[in-house]
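Source file: data.tsv. Holds: TSV, C-alpha atoms and all ligand atoms.
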chain	number	residue	atom	x	y	z
T	501	MET	CA	11.48	34.13	108.58
T	502	LYS	CA	9.98	37.61	108.92
T	503	LYS	CA	11.01	40.46	106.62
T	504	GLU	CA	11.87	43.82	108.29
T	505	LEU	CA	9.49	46.58	107.15
T	506	ARG	CA	9.58	50.35	107.59
T	507	VAL	CA	8.23	51.69	110.86
T	508	MET	CA	4.48	52.22	110.56
T	509	PRO	CA	1.34	51.89	112.65
T	510	ALA	CA	0.81	48.24	111.75
T	511	VAL	CA	-2.61	47.79	113.31
T	512	PHE	CA	-5.59	46.15	111.68
T	513	PRO	CA	-8.50	46.69	111.58
T	514	MET	CA	-8.98	50.41	111.93
T	515	PRO	CA	-12.46	51.84	112.35
T	516	VAL	CA	-14.18	54.17	109.90
T	517	LEU	CA	-15.27	56.93	112.27
T	518	MET	CA	-17.43	59.82	111.13
T	519	VAL	CA	-16.62	62.84	113.29
T	520	GLY	CA	-19.44	65.39	113.27
T	521	THR	CA	-19.09	69.02	114.39
T	522	TYR	CA	-20.77	72.40	114.04
T	523	ASP	CA	-19.14	75.57	112.82
T	524	GLU	CA	-19.91	78.73	114.83
T	525	ASP	CA	-22.78	79.48	112.45
T	526	GLY	CA	-24.26	75.98	112.83
T	527	THR	CA	-22.92	74.56	109.56
T	528	VAL	CA	-22.43	70.80	109.82
T	529	ASP	CA	-19.03	69.29	109.04
T	530	VAL	CA	-18.17	65.59	109.05
T	531	MET	CA	-14.73	64.05	108.60
T	532	ASN	CA	-13.52	60.48	108.20
T	533	ALA	CA	-11.08	59.35	110.91
T	534	ALA	CA	-9.46	55.94	111.03
T	535	TRP	CA	-7.00	56.75	113.80
T	536	GLY	CA	-9.40	56.58	116.69
T	537	GLN	CA	-10.07	54.29	119.58
T	538	ILE	CA	-11.70	54.04	122.97
T	539	CYS	CA	-9.41	54.86	125.91
T	540	GLY	CA	-11.76	54.21	128.80
T	541	MET	CA	-15.33	53.04	129.45
T	542	ASP	CA	-16.62	56.50	128.53
T	543	LYS	CA	-13.64	58.00	126.69
T	544	ILE	CA	-12.53	58.17	123.09
T	545	THR	CA	-9.31	59.39	121.50
T	546	LEU	CA	-8.93	60.61	117.92
T	547	CYS	CA	-5.63	61.43	116.26
T	548	LEU	CA	-6.66	64.45	114.19
T	549	THR	CA	-4.56	66.91	112.19
T	550	GLU	CA	-4.97	70.35	113.76
T	551	SER	CA	-5.64	72.15	110.49
T	552	HIS	CA	-8.82	70.16	109.77
T	553	LYS	CA	-12.06	72.13	109.89
T	554	THR	CA	-13.30	69.52	112.36
T	555	VAL	CA	-10.60	70.44	114.89
T	556	LYS	CA	-11.25	74.16	114.48
T	557	ASN	CA	-14.96	73.48	115.07
T	558	LEU	CA	-14.61	71.26	118.12
T	559	LYS	CA	-12.19	73.70	119.74
T	560	LYS	CA	-14.96	76.31	119.54
T	561	THR	CA	-17.96	74.16	120.48
T	562	GLY	CA	-16.25	71.76	122.91
T	563	ALA	CA	-18.22	68.91	121.40
T	564	PHE	CA	-18.35	66.35	118.60
T	565	THR	CA	-20.12	63.18	117.60
T	566	VAL	CA	-18.52	59.97	116.38
T	567	ALA	CA	-20.61	57.68	114.17
T	568	LEU	CA	-19.68	54.27	112.78
T	569	ALA	CA	-19.80	54.27	108.99
T	570	ASP	CA	-21.80	51.54	107.29
T	571	ALA	CA	-21.47	49.92	103.88
T	572	ALA	CA	-24.67	51.55	102.66
T	573	HIS	CA	-22.99	54.97	103.01
T	574	LEU	CA	-19.41	54.06	102.04
T	575	LYS	CA	-19.29	56.60	99.21
T	576	GLU	CA	-20.33	59.45	101.53
T	577	ALA	CA	-17.95	58.22	104.27
T	578	ASP	CA	-15.02	58.31	101.86
T	579	PHE	CA	-16.09	61.73	100.56
T	580	PHE	CA	-15.92	63.01	104.16
T	581	GLY	CA	-12.26	61.94	104.13
T	582	ILE	CA	-11.39	63.64	100.85
T	583	ALA	CA	-13.25	66.98	100.97
T	584	SER	CA	-12.59	69.59	103.66
T	585	GLY	CA	-14.95	72.04	105.28
T	586	ASN	CA	-12.03	74.48	105.14
T	587	ASP	CA	-12.31	74.63	101.36
T	588	ASP	CA	-16.02	74.00	100.92
T	589	PRO	CA	-18.68	75.13	103.40
T	590	GLU	CA	-21.16	73.05	101.38
T	591	LYS	CA	-19.22	69.83	102.10
T	592	PHE	CA	-21.94	68.20	104.20
T	593	LYS	CA	-24.76	69.45	101.96
T	594	LYS	CA	-23.03	67.90	98.94
T	595	SER	CA	-23.02	64.49	100.61
T	596	GLY	CA	-26.83	64.40	100.50
T	597	LEU	CA	-26.96	63.09	104.08
T	598	THR	CA	-29.03	64.70	106.84
T	599	ALA	CA	-28.33	65.67	110.44
T	600	VAL	CA	-30.17	66.62	113.61
T	601	LYS	CA	-28.74	68.34	116.67
T	602	SER	CA	-27.66	65.99	119.43
T	603	GLY	CA	-29.83	66.24	122.52
T	604	LYS	CA	-26.72	65.91	124.69
T	605	VAL	CA	-23.93	67.95	123.09
T	606	ASN	CA	-23.54	70.86	120.70
T	607	ALA	CA	-22.80	68.68	117.69
T	608	PRO	CA	-24.76	67.08	114.84
T	609	VAL	CA	-26.00	63.49	114.74
T	610	ILE	CA	-25.92	62.21	111.17
T	611	THR	CA	-29.23	60.46	110.60
T	612	GLU	CA	-28.05	57.85	108.11
T	613	PHE	CA	-25.18	56.30	110.13
T	614	PRO	CA	-26.58	53.56	112.40
T	615	VAL	CA	-24.53	54.05	115.59
T	616	VAL	CA	-23.37	57.32	117.17
T	617	MET	CA	-21.47	58.46	120.26
T	618	GLU	CA	-22.09	61.99	121.52
T	619	CYS	CA	-18.92	63.45	123.02
T	620	GLU	CA	-17.73	66.39	125.07
T	621	LEU	CA	-14.17	67.55	124.40
T	622	ILE	CA	-11.93	66.81	127.40
T	623	GLU	CA	-8.62	67.96	125.97
T	624	LEU	CA	-6.49	68.48	122.91
T	625	THR	CA	-3.13	66.77	123.35
T	626	PRO	CA	-0.12	66.83	120.99
T	627	TYR	CA	-1.41	63.47	119.75
T	628	GLY	CA	-5.02	64.42	119.20
T	629	VAL	CA	-8.37	64.81	120.83
T	630	VAL	CA	-9.72	63.11	123.93
T	631	GLY	CA	-13.46	63.16	124.46
T	632	LYS	CA	-15.94	61.97	127.07
T	633	ILE	CA	-18.75	59.87	125.66
T	634	VAL	CA	-21.94	61.25	127.21
T	635	GLY	CA	-24.46	59.51	124.97
T	636	VAL	CA	-24.71	56.52	122.65
T	637	ALA	CA	-27.58	55.88	120.25
T	638	ALA	CA	-28.30	53.26	117.60
T	639	ASP	CA	-31.05	52.63	115.06
T	640	GLU	CA	-33.42	50.01	116.45
T	641	ALA	CA	-33.01	48.01	113.25
T	642	VAL	CA	-29.37	47.24	114.10
T	643	LEU	CA	-30.02	45.90	117.60
T	644	ASP	CA	-30.30	42.18	118.33
T	645	GLU	CA	-33.05	40.62	120.43
T	646	THR	CA	-31.15	41.45	123.64
T	647	GLY	CA	-30.71	45.12	122.66
T	648	LYS	CA	-27.02	44.85	121.79
T	649	ILE	CA	-25.58	46.46	118.67
T	650	ASP	CA	-25.17	43.79	115.98
T	651	VAL	CA	-22.24	44.89	113.81
T	652	GLU	CA	-23.26	42.58	110.96
T	653	LYS	CA	-26.83	43.85	110.91
T	654	ALA	CA	-25.52	47.41	111.03
T	655	GLY	CA	-23.16	46.78	108.09
T	656	ILE	CA	-20.32	48.55	109.92
T	657	ILE	CA	-17.21	48.91	107.75
T	658	LEU	CA	-13.52	48.59	108.66
T	659	PHE	CA	-10.41	50.21	107.20
T	660	ASP	CA	-7.17	48.52	106.14
T	661	GLN	CA	-4.48	51.18	106.41
T	662	PHE	CA	-1.89	48.98	104.68
T	663	LYS	CA	-3.67	49.07	101.34
T	664	ALA	CA	-6.38	51.69	102.00
T	665	GLY	CA	-9.28	49.29	101.53
T	666	TYR	CA	-12.68	49.40	103.19
T	667	TYR	CA	-14.02	46.04	104.34
T	668	ILE	CA	-17.30	44.68	105.53
T	669	ILE	CA	-17.30	42.49	108.66
T	670	GLY	CA	-16.27	38.93	107.86
T	671	GLU	CA	-17.38	35.63	109.36
T	672	LYS	CA	-17.41	35.29	113.15
T	673	VAL	CA	-14.67	32.80	114.03
T	674	GLY	CA	-14.83	32.62	117.82
T	675	GLN	CA	-16.24	33.89	121.10
T	676	ALA	CA	-13.98	36.08	123.25
T	677	TRP	CA	-13.24	35.06	126.84
T	678	ASN	CA	-14.18	31.58	125.74
T	679	ALA	CA	-12.18	30.33	122.73
T	680	GLY	CA	-8.98	30.09	124.83
T	681	LYS	CA	-10.56	28.31	127.77
T	682	GLU	CA	-9.43	24.86	126.70
T	683	LEU	CA	-5.79	25.96	127.15
T	684	MET	CA	-6.45	26.97	130.80
T	685	LYS	CA	-5.22	23.65	132.17
T	701	LIG	C1	-9.99	56.42	105.23
T	701	LIG	C2	-9.57	57.78	105.78
T	701	LIG	C3	-9.15	57.87	107.09
T	701	LIG	C4	-8.73	59.10	107.61
T	701	LIG	N1	-8.30	59.16	108.91
T	701	LIG	C5	-7.88	60.33	109.41
T	701	LIG	C6	-7.46	60.41	110.76
T	701	LIG	O1	-7.50	59.43	111.52
T	701	LIG	N2	-7.00	61.61	111.22
T	701	LIG	C7	-6.96	62.73	110.42
T	701	LIG	O2	-6.54	63.80	110.90
T	701	LIG	N3	-7.39	62.69	109.14
T	701	LIG	C8	-7.86	61.53	108.62
T	701	LIG	N4	-8.30	61.47	107.33
T	701	LIG	C9	-8.29	62.69	106.50
T	701	LIG	C10	-9.49	63.64	106.79
T	701	LIG	O3	-10.71	62.93	106.85
T	701	LIG	C11	-9.55	64.69	105.67
T	701	LIG	O4	-8.36	65.46	105.68
T	701	LIG	C12	-10.78	65.58	105.70
T	701	LIG	O5	-10.78	66.34	104.53
T	701	LIG	C13	-10.85	66.51	106.91
T	701	LIG	O6	-12.09	67.19	106.83
T	701	LIG	P1	-12.40	68.59	107.51
T	701	LIG	O7	-11.29	69.55	107.13
T	701	LIG	O8	-13.73	68.99	106.92
T	701	LIG	O9	-12.45	68.36	108.98
T	701	LIG	C14	-8.75	60.26	106.79
T	701	LIG	C15	-9.21	60.16	105.46
T	701	LIG	C16	-9.61	58.93	104.96
T	701	LIG	C17	-10.11	58.83	103.53
Taking this structure as input, can you express it in the form of structure tokens?
Ligand SMILES: Cc1cc2nc3c(=O)[nH]c(=O)nc-3n(C[C@H](O)[C@H](O)[C@H](O)COP(=O)(O)O)c2cc1C
Amino acid sequence: MKKELRVMPAVFPMPVLMVGTYDEDGTVDVMNAAWGQICGMDKITLCLTESHKTVKNLKKTGAFTVALADAAHLKEADFFGIASGNDDPEKFKKSGLTAVKSGKVNAPVITEFPVVMECELIELTPYGVVGKIVGVAADEAVLDETGKIDVEKAGIILFDQFKAGYYIIGEKVGQAWNAGKELMK
């Protein structure tokens, strides 16, 4: 018997996305966003509160980057979700991380996060931001022998919004488009 719960976005896992933007004077800001997902082969949607410095920045520059946080930088990733560039222009500097300008969009690529998507702003909707992914880059060390991103090697972390925990990838338990084949009778 299931117990009725309050209405909530009961989805697991959520990603730990690091949204990178520039201020008009080139100051880097990064925020932590769990409410984000792909919405097309080259599109991403992020549900962002309008008052965040990140949103102010991307409205001006028309661009942002989205990196996948890894366990090695969990402390910094969480900090990016607690501190705001609105209150502290030194937010990124305080993290101790480094950034270079994306070669594709007017937004910073954070050096230490292993995988990044470079995005152009398509539109701001009442539900958040939609962006076009115009570039994807990953550290060579996190690629497998076929050149695919290996999430275990990369140490990508996940977010549990029920209890606000960060998790590392667990054991692989099946192969998609394959595990259900035996029921296709
Ligand atoms: C785990 C975690 C997930 C978060 N997810 C989101 C999110 O999806 N959308 C959002 O608007 N804020 C989210 N936040 C809050 C922002 O990251 C936070 O308000 C941050 O200070 C905004 O930074 P900025 O003002 O420098 O852009 C999250 C925070 C944490 C710790």
request  = Rounded to one decimal place, report the atom CA of T:Val673-atom CA of T:Asn532 distance in Å.
outcome  =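 These two atoms are separated by 28.3 Å.
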Ref. answer, residues at most 9 Å from (-16.8, 70.0, 103.3) with all atoms listed in the file, as a ChimeraX atom specification = /T:528-531,553,579-580,582-595
ask   = Could you pull the residues within 7 Å of T:Ile668, counting only C-alpha atoms, minus those fewer than 5 positions along the same chain, as a list in words?
value =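 So the residues in contact are Ala571, Gly655, Ile656, Ile657 and Leu658 of chain T.
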query = Hey, which of T:Leu505, T:Ala676, T:Val629, T:Val634 ends up closest to T:Thr549? Count only C-alpha atoms.
reply = T:Val629
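Across T:Met541, T:Leu558, T:Leu643, T:Ala599, the tightest approach to ligand LIG 701 (chain T) is made by T:Leu558 when counting all atoms listed in the file.
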task = Would you mind telling me which residue in T:Phe613, T:Trp677, T:Phe659, T:Tyr666 lies nearest to T:Val600 when using all atoms listed in the file?
result =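 Checking each of T:Phe613, T:Trp677, T:Phe659, T:Tyr666 against T:Val600, counting all atoms listed in the file, the winner is T:Phe613.
With all atoms listed in the file as the atoms that count, the residue of T:Glu524, T:Asp570, T:Glu620, T:Asp650 with the shortest distance to T:Ile544 is T:Glu620.
Nearest residue to ligand LIG 701 (chain T), choosing from T:Glu623, T:Asp578, T:Asp525, T:Asp542 and counting all atoms listed in the file: T:Asp578.
Proximity ranking of T:Ala563, T:Asn557, T:Thr527, T:Met514 relative to T:Val630 places T:Ala563 first, based on all atoms listed in the file.
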message = Could you tell me how far atom CA of T:Thr646 sits from atom CA of T:Val566, in Å to one decimal place?
response =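 Those two atoms sit 23.6 Å apart.
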inquiry  = As an exercise, work out the distance from atom C8 of ligand LIG 701 (chain T) to atom CA of T:Val511 in Å and give it to one decimal place.
reply    =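 Pair atom C8 of ligand LIG 701 (chain T) / atom CA of T:Val511 returns 15.4 Å.
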What are the centre and edge lengths in Å, to one decimal, of the axis-aligned box around all listed atoms of ligand LIG 701 (chain T) with 8 Å added on each side, as lines of an AutoDock Vina configuration file?
center_x = -10.1
center_y = 63.0
center_z = 107.5
size_x = 23.2
size_y = 29.1
size_z = 24.0
Skip T:Phe564 itself and residues of its chain fewer than 6 positions away, then list as a compact mmCIF listing (two decimals) with C-alpha atoms, in the frame of the given file all residues within 8 Å of it, counting only C-alpha atoms.
# COMPACT_ATOMS: atom_id res chain seq x y z
CA VAL T 519 -16.62 62.84 113.29
CA GLY T 520 -19.44 65.39 113.27
CA THR T 521 -19.09 69.02 114.39
CA TYR T 522 -20.77 72.40 114.04
CA LEU T 558 -14.61 71.26 118.12
CA VAL T 605 -23.93 67.95 123.09
CA ASN T 606 -23.54 70.86 120.70
CA ALA T 607 -22.80 68.68 117.69
CA PRO T 608 -24.76 67.08 114.84
CA GLU T 618 -22.09 61.99 121.52
CA CYS T 619 -18.92 63.45 123.02
CA GLU T 620 -17.73 66.39 125.07
CA LEU T 621 -14.17 67.55 124.40
Using the partial input, fill out stretch 649-682 of chain T with N, CA and C atoms; write the result as a compact mmCIF listing (two decimals), in the coordinates of the input.
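Produced file result.txt, reproduced below:
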# COMPACT_ATOMS: atom_id res chain seq x y z
N ILE T 649 -25.85 46.09 120.06
CA ILE T 649 -25.58 46.46 118.67
C ILE T 649 -25.01 45.25 117.94
N ASP T 650 -25.62 44.92 116.80
CA ASP T 650 -25.17 43.79 115.98
C ASP T 650 -24.40 44.37 114.79
N VAL T 651 -23.07 44.23 114.83
CA VAL T 651 -22.24 44.89 113.81
C VAL T 651 -22.51 44.37 112.39
N GLU T 652 -22.95 43.11 112.29
CA GLU T 652 -23.26 42.58 110.96
C GLU T 652 -24.54 43.19 110.43
N LYS T 653 -25.57 43.23 111.31
CA LYS T 653 -26.83 43.85 110.91
C LYS T 653 -26.62 45.30 110.50
N ALA T 654 -25.75 45.98 111.25
CA ALA T 654 -25.52 47.41 111.03
C ALA T 654 -24.68 47.65 109.78
N GLY T 655 -23.99 46.62 109.29
CA GLY T 655 -23.16 46.78 108.09
C GLY T 655 -21.96 47.68 108.32
N ILE T 656 -21.46 47.69 109.57
CA ILE T 656 -20.32 48.55 109.92
C ILE T 656 -19.11 48.17 109.05
N ILE T 657 -18.39 49.19 108.56
CA ILE T 657 -17.21 48.91 107.75
C ILE T 657 -15.92 49.15 108.53
N LEU T 658 -14.85 48.52 108.05
CA LEU T 658 -13.52 48.59 108.66
C LEU T 658 -12.55 49.16 107.62
N PHE T 659 -11.41 49.63 108.11
CA PHE T 659 -10.41 50.21 107.20
C PHE T 659 -9.08 49.47 107.34
N ASP T 660 -8.49 49.15 106.19
CA ASP T 660 -7.17 48.52 106.14
C ASP T 660 -6.17 49.59 105.75
N GLN T 661 -5.38 50.08 106.73
CA GLN T 661 -4.48 51.18 106.41
C GLN T 661 -3.23 50.74 105.64
N PHE T 662 -3.03 49.43 105.50
CA PHE T 662 -1.89 48.98 104.68
C PHE T 662 -2.14 49.25 103.19
N LYS T 663 -3.37 48.93 102.76
CA LYS T 663 -3.67 49.07 101.34
C LYS T 663 -4.87 49.96 101.06
N ALA T 664 -5.30 50.69 102.13
CA ALA T 664 -6.38 51.69 102.00
C ALA T 664 -7.71 51.11 101.51
N GLY T 665 -8.00 49.89 101.92
CA GLY T 665 -9.28 49.29 101.53
C GLY T 665 -10.32 49.40 102.63
N TYR T 666 -11.57 49.51 102.24
CA TYR T 666 -12.68 49.40 103.19
C TYR T 666 -13.19 47.97 103.13
N TYR T 667 -13.54 47.42 104.27
CA TYR T 667 -14.02 46.04 104.34
C TYR T 667 -15.31 45.96 105.13
N ILE T 668 -16.12 45.00 104.75
CA ILE T 668 -17.30 44.68 105.53
C ILE T 668 -16.88 43.60 106.54
N ILE T 669 -17.61 43.49 107.65
CA ILE T 669 -17.30 42.49 108.66
C ILE T 669 -17.32 41.09 108.04
N GLY T 670 -16.32 40.30 108.38
CA GLY T 670 -16.27 38.93 107.86
C GLY T 670 -17.02 37.96 108.77
N GLU T 671 -16.71 36.69 108.60
CA GLU T 671 -17.38 35.63 109.36
C GLU T 671 -16.90 35.64 110.81
N LYS T 672 -17.80 35.42 111.74
CA LYS T 672 -17.41 35.29 113.15
C LYS T 672 -16.67 33.96 113.32
N VAL T 673 -15.47 34.02 113.93
CA VAL T 673 -14.67 32.80 114.03
C VAL T 673 -14.44 32.34 115.48
N GLY T 674 -15.01 33.06 116.43
CA GLY T 674 -14.83 32.62 117.82
C GLY T 674 -15.54 33.54 118.78
N GLN T 675 -15.61 33.10 120.04
CA GLN T 675 -16.24 33.89 121.10
C GLN T 675 -15.15 34.28 122.09
N ALA T 676 -15.02 35.60 122.34
CA ALA T 676 -13.98 36.08 123.25
C ALA T 676 -14.25 35.66 124.69
N TRP T 677 -13.22 35.55 125.46
CA TRP T 677 -13.24 35.06 126.84
C TRP T 677 -13.77 33.62 126.90
N ASN T 678 -13.62 32.92 125.80
CA ASN T 678 -14.18 31.58 125.74
C ASN T 678 -13.32 30.66 124.87
N ALA T 679 -12.90 31.16 123.69
CA ALA T 679 -12.18 30.33 122.73
C ALA T 679 -10.87 29.80 123.31
N GLY T 680 -10.26 30.53 124.26
CA GLY T 680 -8.98 30.09 124.83
C GLY T 680 -9.11 29.22 126.07
N LYS T 681 -10.35 29.01 126.49
CA LYS T 681 -10.56 28.31 127.77
C LYS T 681 -9.93 26.93 127.82
N GLU T 682 -9.93 26.24 126.67
CA GLU T 682 -9.43 24.86 126.70
C GLU T 682 -7.92 24.80 126.97
